[in-house]
Every structure is written in C-alpha cells, then in structure tokens.
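For reference, the structure discussed in these notes is given below.
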Protein chains: 2
Amino acid sequence: MPNIDEYLQSNAERFEAELCELLSIPSVSADPAYRDDVRRAADWVTDKFRRLGFATETITTAGHPLVYAVSPRVDDAPTALVYGHYDVQPPDPLEQWITPPFEPSRRDGNVYARGASDDKGQMLTHVNSAEAWMAAEGRLPINLKFLIEGEEETGSENLEKYIVEHAGRLACDCVVVSDGAQFAPNRPAITYGLRGIVYYELRLIGPNRDLHSGSFGGSVTNPANALAAMLAGLIDEHGKIRIPGFYDDVIQITDRERKGFELLGFDEREYFDQIGVDCAIGEEGYTTLQRRWARPTYDINGLSSGYQGEGAKTVLPATATAKFSFRLVPDQDPGKITAGLKLRLAELCPPGIKFELHSHDFTGSPGVLVPLDSPAVQAAARAIEYAFGTPPVYTREGGSIPIVATFHNVLKADTLLLGWGQSDDGAHSPNEKFSLADFHRGIKASAKLWEELAACGFAENVGCVKRTESDAKQ
Amino acid sequence: MPNIDEYLQSNAERFEAELCELLSIPSVSADPAYRDDVRRAADWVTDKFRRLGFATETITTAGHPLVYAVSPRVDDAPTALVYGHYDVQPPDPLEQWITPPFEPSRRDGNVYARGASDDKGQMLTHVNSAEAWMAAEGRLPINLKFLIEGEEETGSENLEKYIVEHAGRLACDCVVVSDGAQFAPNRPAITYGLRGIVYYELRLIGPNRDLHSGSFGGSVTNPANALAAMLAGLIDEHGKIRIPGFYDDVIQITDRERKGFELLGFDEREYFDQIGVDCAIGEEGYTTLQRRWARPTYDINGLSSGYQGEGAKTVLPATATAKFSFRLVPDQDPGKITAGLKLRLAELCPPGIKFELHSHDFTGSPGVLVPLDSPAVQAAARAIEYAFGTPPVYTREGGSIPIVATFHNVLKADTLLLGWGQSDDGAHSPNEKFSLADFHRGIKASAKLWEELAACGFAENVGCVKRTESDAKQ
C-alpha cells in the first residue's frame, strides 16, 4: 500500500499531536464530576469523523453519549464495525503519577496519560487508518461503521441497549476491537478469549451510629469485623471460590490450549519482577497464564470503614463497605453467580448486621471465546504480519470487554480482538502509557486490515454467512 | 456548704458560657492540622487557673502542652491530684452532626459539641468547684493539683513521661478523674475498673502498584483479600481472640462481681434499642455487661484499600490498611499481646504479601482495678449522694484511661473515677453531648468531695498510707 504507507509516515507527528489532544480531556465516566469532560471527549471524536467525511452522529443516551460514524458506501464490499471507547478509568491514586494523568507526556518512546492505552490511543489507530485511505486513495476498500462509546469503564449499559435496539443498523460481517495488549513487546496477538465480570458493592450496617469501641466493644457486632469475615468466607485456602454452583458451568481448559499456552514461552519470572511480586499465587492446580486467562477469580477492589485519617481513633464503625468482583469464564452466567453470592452472603452474615448488595451499572457480562478458523481472523493475521513484521500469536485475555458478548449474541458477529497495547501499560494504574511505535504500527496494521477483510471472502466461507441489514433485524 | 451552694447557683450561667467557650476550640489532638487550636485550648485552661490564683504552668512537651496548676497551700490537709484532658476526638463523620461539632448548641437540657462530655465538660466541674471554694470561702479545705493534658485521645505518651519524671512533684493521696459515664441517668457511679487498650495499624503490601484486576487477577495475591483473611483469622466463631497467650493473664470475673452486675438491673433491651441493634452479641458464655466491662475485645476501627469513590473501578490494589485494637482487662500485658499478635500475623500472612504493624502513639495500656474499701472511695460516695440525692453504684467501664494505670504504678495512688456523663453521650460519635444538669451536679459533688476528702483521714486507714513528696520520689 505505497500511497497509504507514505501518508502514514508524513502524518505521524500530527497523529501523535491529536492523540495528546484527546488525552488531555479527563473523560472519567465513573465520576459524575467529570460529566462535561466526558461530553467534550465525545465532541472531539465526532469532529474527527466529520472531517473524514463520514456520516456522523453524537447519540444521546441515559448516560454518556455514543459516537456513531459510517464511511461512504462501497458496494459489494463487506462491512466491519469498529468498536472503541473514549472514556477512561478514574486517575487515582493521583500522588503516584510522575506527570499529571491529563497532561500527556512523551518520554522513552511512550505517551503517558490516563487513557493512553485504554482506549483512546488504540481506538484512534482505526480512525487514523480510515483517514489515510480516504486521503491517499479517495475511498476505503470496505464499509466501516464506527461505534465509540463513553461508558466502557462503567459497564456499557446504554451501549448494550442501543445495540439491542439498533441491531439492523449495526449489521456487519465482523467487529474489530483494539482495547487490549500484545502478548509481549513485538509479539502482537489475536485474542480469542475474554473473561467476563460481575462487580458488586457490599455494604454492612451495624449500630445506628459510630460507637466508642471501649464503652460498646464486645457487645455489638462490628461491621468492619463482620466484613472481613464475610469477604474471607468467599474463598477457601486452595483458592476456590465458595459460592454455590460457582464452577458448574466453567468450560475447562483443553489440552490444545494447555499446549498453546506453553508454547508462548511466557516468562513468569519477568512477569512477577515487573509487578514487584516474588512468587506465583492463585487457584491450586493451574499455571499463572491459565489463572489469568481461563479461570475465574475473586478480587476485592476497595475497602472502606471507620476512621482512615492520621493517627488513632477508637471507633466501632456503624458501617463497612467493600467493592469486589469476580472475573468469569465461558460459560459462567453472571445472573446465576449473583444468585449464588446472595445465598452465600446470607449464610455468612452474622447476627446484628444487615447487608446490602449493589451492582452499580454492572449487570455483569459473560466470558467470550472466538473461533480461530474464521476468514476474518486469518485476514487480521496477515495485516498484523504486514505491519509488525511477525505473525501474531493466539492468546486469551484476563480482562473483560463486556460488549463483545453482546456483539456475539445480538449481531451474530465474531469480534477481532487486536490489542496494540502492552501488559505493563498500567491500564487501570497510575502512569498509564502507550508505546508510540505500537501506535503507528497499529495504524498501519489497521489500514492493511481493511484491504485484507475486503478480500477475505466472508460470504463464501463455511460458518461465516454474510449478513445483510435485513437479516440482522430478525 | 451554704456559701458554696449559693455561689454555684448564682454562677451557673457563667459556668455554662465558659464551657461553650472552651468547646468552640477544635482541639483535635490526633490531626496535626489542628495543632494551633490544641494550643489555644491549653491557653484557655491556663488562663482559667490563673484567675483562681493557682500557681499555673503551661508545660511544653514533645507533643501538645500540659497544663499544671496548684492551689494555695493548706497545711495538714491531704492532697488530691485532679486529672483531665482538653483535647478531643476527630469530629468526623462531619455530615452526621445536627449542629457543627465546634459550635456548641444548647438544647433539650444538653450542650452538643465535640468534647462536651469527653472531657471538657467533666474536667471543668472540678475547676469550677475549686473556684467556688476560693470565691465563697477564700480557701480550699484540701490541697489540689490539677494536671490537664492535650493528648488523651492519642495515647498520653508525653504525659506518661512527665509523670514518671516528676513523680515527686505530683505526689498525692489520691487521684480524681471525671472522664466517664454514670451507670444511667440519675444513677451516678464510682467506677472501680477500666479496660486497657492496644491499638495497631496493619499495612499489607502486595504488587508494586495498583493493577488491572482483569489482566492480573488470579495470579497475584490481592492485599485487600489478604487483609480480610488475616483480620478474620484473629478471632474464632465463638468470639475468642486467636492470638497465642492472649487469655493467659486475664483475671476472671468473681462471683461477687457477677452478683453485683446483676443487681444493677441493666436494661439490655433499652441498651440495644438505643444503638439500633437487635440482639446481644459477643464472646460466648458472658452477659452483655460482662463483655463490655470485664472481657477483652477485638475491634476493627478502620479499613482502607483500593477504590473508595463513586461507581466501580476494577483495580487490584497495591496495598490495604486496617486500624484495629484490643481492649484489655487486668492482668493482660500490652507488650505480651503485641508479641503474640506479631506471631499470629506472620502465621496468617499469605505468600506475596509483606506486612507492617505500627502502633501510632499507643504503646498500649493495661486494665485497672481499684479497691472499693479505701477511705477516698467512701468520701466520694458521700459527696455524690450529697449532690445527686442518691448513693452511687459501683461499676466497671469498658473504655480505657491509660494514664490511670500510670498513676497506680508511678504515684502509688488509687484513682477515683467519678464519671458525670451518660453512656449515650456519643463520646467518640457525631452529636456528642453533655447534660447541663449533670454538669452542675458534677460541680456540686466535686465541691463536696474536697470537704469529704479533707476529713476522710487518709493517714489513719490501713492500706492507705499518706505519702509525702519525698516518699513518692523514692
């Protein structure tokens, strides 16, 4: 693609500058204080698509807006739906950032900012590749529909509704998502599995006010003590989660997968060094990669109770709260997990305590597995090899992109998960970064992908029926 | 005491106004942000003693200042050391206060403010009674030494040092402390036992930064999960604390005490209604009063980890912290408890986690029991009956006044614990209050106490040798 490649080279600096522009907008979707900033990010993305000449809409939802953009019609070409998100995780703990989270800083070949890798940087690779085709060739080889949301970090609830209600409009041959990591530096991956998630807030309520731990201690159930006991009671000493039916629907790891994981040559020592941990830990009977990719987990995400200031306060707190989540694997059902959890919590809850279980905006999402033999996967493999100079490896991923399950269930479309990030990007941590080299290779791979998908012959392949808009409506 | 009683009546309003003045000063000793306010409170107390004509000093310490004041010498009269504190607990959670914590509000016969009961209001009863004697009679019937500190709520470490280093100067026949509660409204008590305390901050350290719970969850020990398990592992399902040797030195409750507690007619229903709890809970085999007064306890005072803001953040936190404390009873030794705790935590700490155990300024203090047959206790009983119209009951107390153990060990003096407060004063809670009727009865009882102590004949009584300043130095 000589014209395209030249265009990418001569516009590389502007692409970086635009990325930094978008990264400067603190579009934290979880915190209502940032509502206007989230809107500004949506507007920025909308403007970008308008400049490409795409039919673009900013779609109002009950939460943050969706940006939807469609490329000029190319007859007899397949359609890819590109999904991404312009919202970001909260930036705290703020004091741990070397440069402020919303003042992008380019150093060591990376750009540092909240959202650099997750997902603004990765999302823009596909927007920029489309721009390159339009500018250098005057047209795309394929039909593209972009669906860029602002609520990925809070559960994509409104996007989910939109997809269900507008399945016909969104009909496509496959979905393309870049919101993850390569297997390692210079080892790009196609991710064929994702974990799902259910996320909860558990609030324990004891006495009607904070009490003096001297006068009352010993006679009243302390909600913080009860919280520790209840949270500890959700897992056993072998790392097995103690919820009725929790493992009933887990698809076991196949022998082929076990071998595939081994062949990746995952460097466990390096992995643990990178995060400052000195030993492998987790559910007994599984390797570290298996635990991360193909086994469900239980993590407490936040604890809050009583006095947290400096010094000592001898308080018996009235309430105690935990945020915690389970990562799920196919075919665990979030609804069944929540029902089992409620039973278990009722069993664990001591006298003198009432509990409330909330799920925020997370209704939960199941895990996903994508077939490796589809023509789209093979097209993506060729595009990646073109841009990165090496064929991709095939991996699963511990994180969740809840919407991918919806694409599968509602649009009947498989999703190409082409992560351009790295596992140490710090997606939900301080000092999030994205490699600028990966940013540019991602753009190039994406540009090639449009060409490869156009030629892969969706309709002719077994197990991959080309769907029309009217089909998808049914 | 007709002159005294008349003086108290005609100055009642001014006493209340002065109390409100002192309550307006936010002397929160635990939080360095209030350092200047703590100093202002010390100055206020110093000024008050100077106006009484007492020899007064504001003593600088490594922390907050001590106020020391000595009444004009009365020959051949015994000496009482009055201890109190002008510092207060932190006021949070602020949003639960009906009126602001440092804007005293008089309503329903109470004054509402942080420190009203603990201990500014109670401490001032003894200052005001001394003023009444000086003004109405021109002299006190006894020698008084006032020792008013600013670090009671953070462990009294500097006071402790001062007492050890100045035992001769502080020599006395008995110590008087009002920093507790009556048994019930109109049922004044002499408290003959206090629990001790050891307070800790436990910090667990896992990975070197917050991680994405999807990418890393399952392969890394989560410090918040570990914290829940470790805290839960410190107590069993029968309410017994699981630390080696924890119960070895516990003085068991005597039959006489069991009967005494029963005769108090403690209304358990009312107690639990008041704090909004529906059942009696705690160590198996003990009544509610026994658990509060005479059994050691384990309470988590604060929990903090990960994301505590609104909404959901899928973080695997790098650290998790708990503040927790044990209330101790005679003869448990704080040092032995800490040693046992360290062993137990090391046993409970999972691989992949490092832990740090801090004790703030609390080096820990043992519990205290005071003999009921001393002449000072009998004198106090008569003074209380004079002011309250009813003889006192004899109780123990679940809270801790660490310094009382020091008075016993260093000054060889027993302490009269004459609490004028009520158990629902909210000493460490929002909307702390103190009954104005109790404030005035407390002043009257205190005034009578000076007369009764002067006449009780300390030196003549077996087991109560009058100590001189030179004796105490030895």
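Chains: A, B, ... in order of the structure tokens. Residues: from 1 per chain. Ligands: from 1, in order shown.
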Next on the checklist: Taking only C-alpha atoms into account, find every residue of chain A that has an atom no more than 6 Å from chain B, and write it out as a PyMOL selection string.
Outcome noted: chain A and resi 30+207-208+210-212+214-215+218-220+224-225+228-229+232+275-277+281-282+288+291-292+297+300-308+311+315-316+352+398-399+428-429
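Omitting Tyr34 of chain B and its sequence neighbours fewer than 5 positions away, and counting only C-alpha atoms, the residues within 12 Å are Ile25, Pro26, Ser27, Val28, Ser29, Arg39, Arg40, Ala41, His64, Asp87, Val88, Gln89, Pro90, Pro91 and Gly150 of chain B.
When chain A is laid over chain B and all C-alpha atoms are paired one by one, the RMSD comes to 0.1 Å.
Each of B:Gly115, B:Pro188, B:Gly389, B:Pro402 was compared to Pro366 of chain B using only C-alpha atoms, and B:Pro402 turns out to be the nearest.
DSSP annotation of segment 316-382 of chain B from backbone atoms: strand (DSSP E) residues are Leu316, Thr319, Ala320, Thr321, Ala322, Lys323, Phe324, Ser325, Phe326, Arg327, Leu328, Lys354, Phe355, Glu356, Leu357, His358, Val368 and Leu369 of chain B.
Atom to atom, atom CA of Pro371 of chain B and atom CA of Pro141 of chain B stand 24.9 Å apart.
Atom CA of Leu453 of chain B to atom CA of Ala379 of chain B spans 5.7 Å [interatomic distance, one decimal].
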Next on the checklist: I'd like the neighbourhood of Cys174 of chain B as a PyMOL selection string, where a residue qualifies if any of its atoms comes within 8 Å (using only C-alpha atoms), though same-chain residues fewer than 4 positions away should be ignored.
Outcome noted: chain B and resi 79-81+376+413-416
Keeping only C-alpha atoms, write the selected residues to a file as an mmCIF file, in the first residue's frame.
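Done, and the output landed in selection_32.cif:
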data_model
loop_
_atom_site.group_PDB
_atom_site.id
_atom_site.type_symbol
_atom_site.label_atom_id
_atom_site.label_comp_id
_atom_site.auth_asym_id
_atom_site.auth_seq_id
_atom_site.Cartn_x
_atom_site.Cartn_y
_atom_site.Cartn_z
ATOM 1 C CA THR B 79 -3.623 16.328 98.534
ATOM 2 C CA ALA B 80 -5.737 15.298 95.579
ATOM 3 C CA LEU B 81 -4.443 15.276 92.029
ATOM 4 C CA ALA B 376 -11.284 8.029 99.370
ATOM 5 C CA ALA B 413 -2.132 6.396 94.191
ATOM 6 C CA ASP B 414 -5.578 4.973 93.597
ATOM 7 C CA THR B 415 -7.841 6.874 91.270
ATOM 8 C CA LEU B 416 -11.421 7.934 91.982
#
Next on the checklist: List as a ChimeraX atom specification the protein and nucleic acid residues near Phe146 of chain A, meaning an atom at most 10 Å away when only C-alpha atoms are counted, but skip any in the same chain fewer than 3 places from it.
Outcome noted: /A:49,54,56,67-71,80-84,123,126-127,149,170,175-176
Next on the checklist: I'd like the contact shell of Asp425 of chain A - 7 Å cut-off, only C-alpha atoms, skipping same-chain residues fewer than 3 positions apart - returned as a list in words.
Outcome noted: Ser117, Gly421, Gln422, Glu432, Lys433 and Phe434 of chain A
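Residues with any atom within 8 Å of Gly419 of chain B, counting only C-alpha atoms and excluding same-chain neighbours fewer than 4 positions away, are Gln122, Val177, Ser178, Asp179, Gly180, Ala181, Gln182, Pro188, Ala189, Ile190 and Thr191 of chain B.
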Would you mind exporting the chosen residues as a PDB file, in the first residue's frame, restricted to N, CA and C atoms?
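Output saved as selection-v6.pdb:
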ATOM      1  N   GLN B 122     -16.684  17.591  81.738  1.00  0.00           N
ATOM      2  CA  GLN B 122     -16.435  16.899  83.003  1.00  0.00           C
ATOM      3  C   GLN B 122     -15.217  17.481  83.719  1.00  0.00           C
ATOM      4  N   VAL B 177     -10.583  11.666  88.763  1.00  0.00           N
ATOM      5  CA  VAL B 177     -10.774  11.761  87.315  1.00  0.00           C
ATOM      6  C   VAL B 177     -12.263  11.692  87.000  1.00  0.00           C
ATOM      7  N   SER B 178     -12.750  12.656  86.233  1.00  0.00           N
ATOM      8  CA  SER B 178     -14.108  12.557  85.703  1.00  0.00           C
ATOM      9  C   SER B 178     -14.014  12.548  84.195  1.00  0.00           C
ATOM     10  N   ASP B 179     -14.076  11.376  83.621  1.00  0.00           N
ATOM     11  CA  ASP B 179     -13.930  11.230  82.160  1.00  0.00           C
ATOM     12  C   ASP B 179     -14.715   9.994  81.721  1.00  0.00           C
ATOM     13  N   GLY B 180     -15.890   9.820  82.342  1.00  0.00           N
ATOM     14  CA  GLY B 180     -16.669   8.621  82.031  1.00  0.00           C
ATOM     15  C   GLY B 180     -18.142   8.888  82.252  1.00  0.00           C
ATOM     16  N   ALA B 181     -18.894   7.808  82.417  1.00  0.00           N
ATOM     17  CA  ALA B 181     -20.346   7.943  82.467  1.00  0.00           C
ATOM     18  C   ALA B 181     -20.907   7.445  83.784  1.00  0.00           C
ATOM     19  N   GLN B 182     -22.078   7.994  84.134  1.00  0.00           N
ATOM     20  CA  GLN B 182     -22.889   7.406  85.188  1.00  0.00           C
ATOM     21  C   GLN B 182     -23.398   6.048  84.686  1.00  0.00           C
ATOM     22  N   PRO B 188     -25.583   7.865  89.488  1.00  0.00           N
ATOM     23  CA  PRO B 188     -24.141   8.119  89.469  1.00  0.00           C
ATOM     24  C   PRO B 188     -23.380   6.887  89.943  1.00  0.00           C
ATOM     25  N   ALA B 189     -22.160   6.763  89.441  1.00  0.00           N
ATOM     26  CA  ALA B 189     -21.392   5.554  89.713  1.00  0.00           C
ATOM     27  C   ALA B 189     -19.983   5.908  90.154  1.00  0.00           C
ATOM     28  N   ILE B 190     -19.397   5.013  90.932  1.00  0.00           N
ATOM     29  CA  ILE B 190     -17.953   5.045  91.120  1.00  0.00           C
ATOM     30  C   ILE B 190     -17.415   3.848  90.344  1.00  0.00           C
ATOM     31  N   THR B 191     -16.519   4.139  89.414  1.00  0.00           N
ATOM     32  CA  THR B 191     -16.024   3.089  88.524  1.00  0.00           C
ATOM     33  C   THR B 191     -14.733   2.528  89.111  1.00  0.00           C
TER      34      THR B 191
END
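Non-sequential neighbours of Trp133 of chain A (distance at most 10 Å, separation of 3 or more positions within a chain, only C-alpha atoms) are A:Met1, A:Asn3, A:Ile4, A:Asp5, A:Tyr7, A:Leu8, A:Leu52, A:Asn128, A:Ser129, A:Ala130, A:Ala136, A:Glu137, A:Gly138, A:Arg139, A:Leu140, A:Pro141, A:Ala447, A:Lys448, A:Trp450, A:Glu451.
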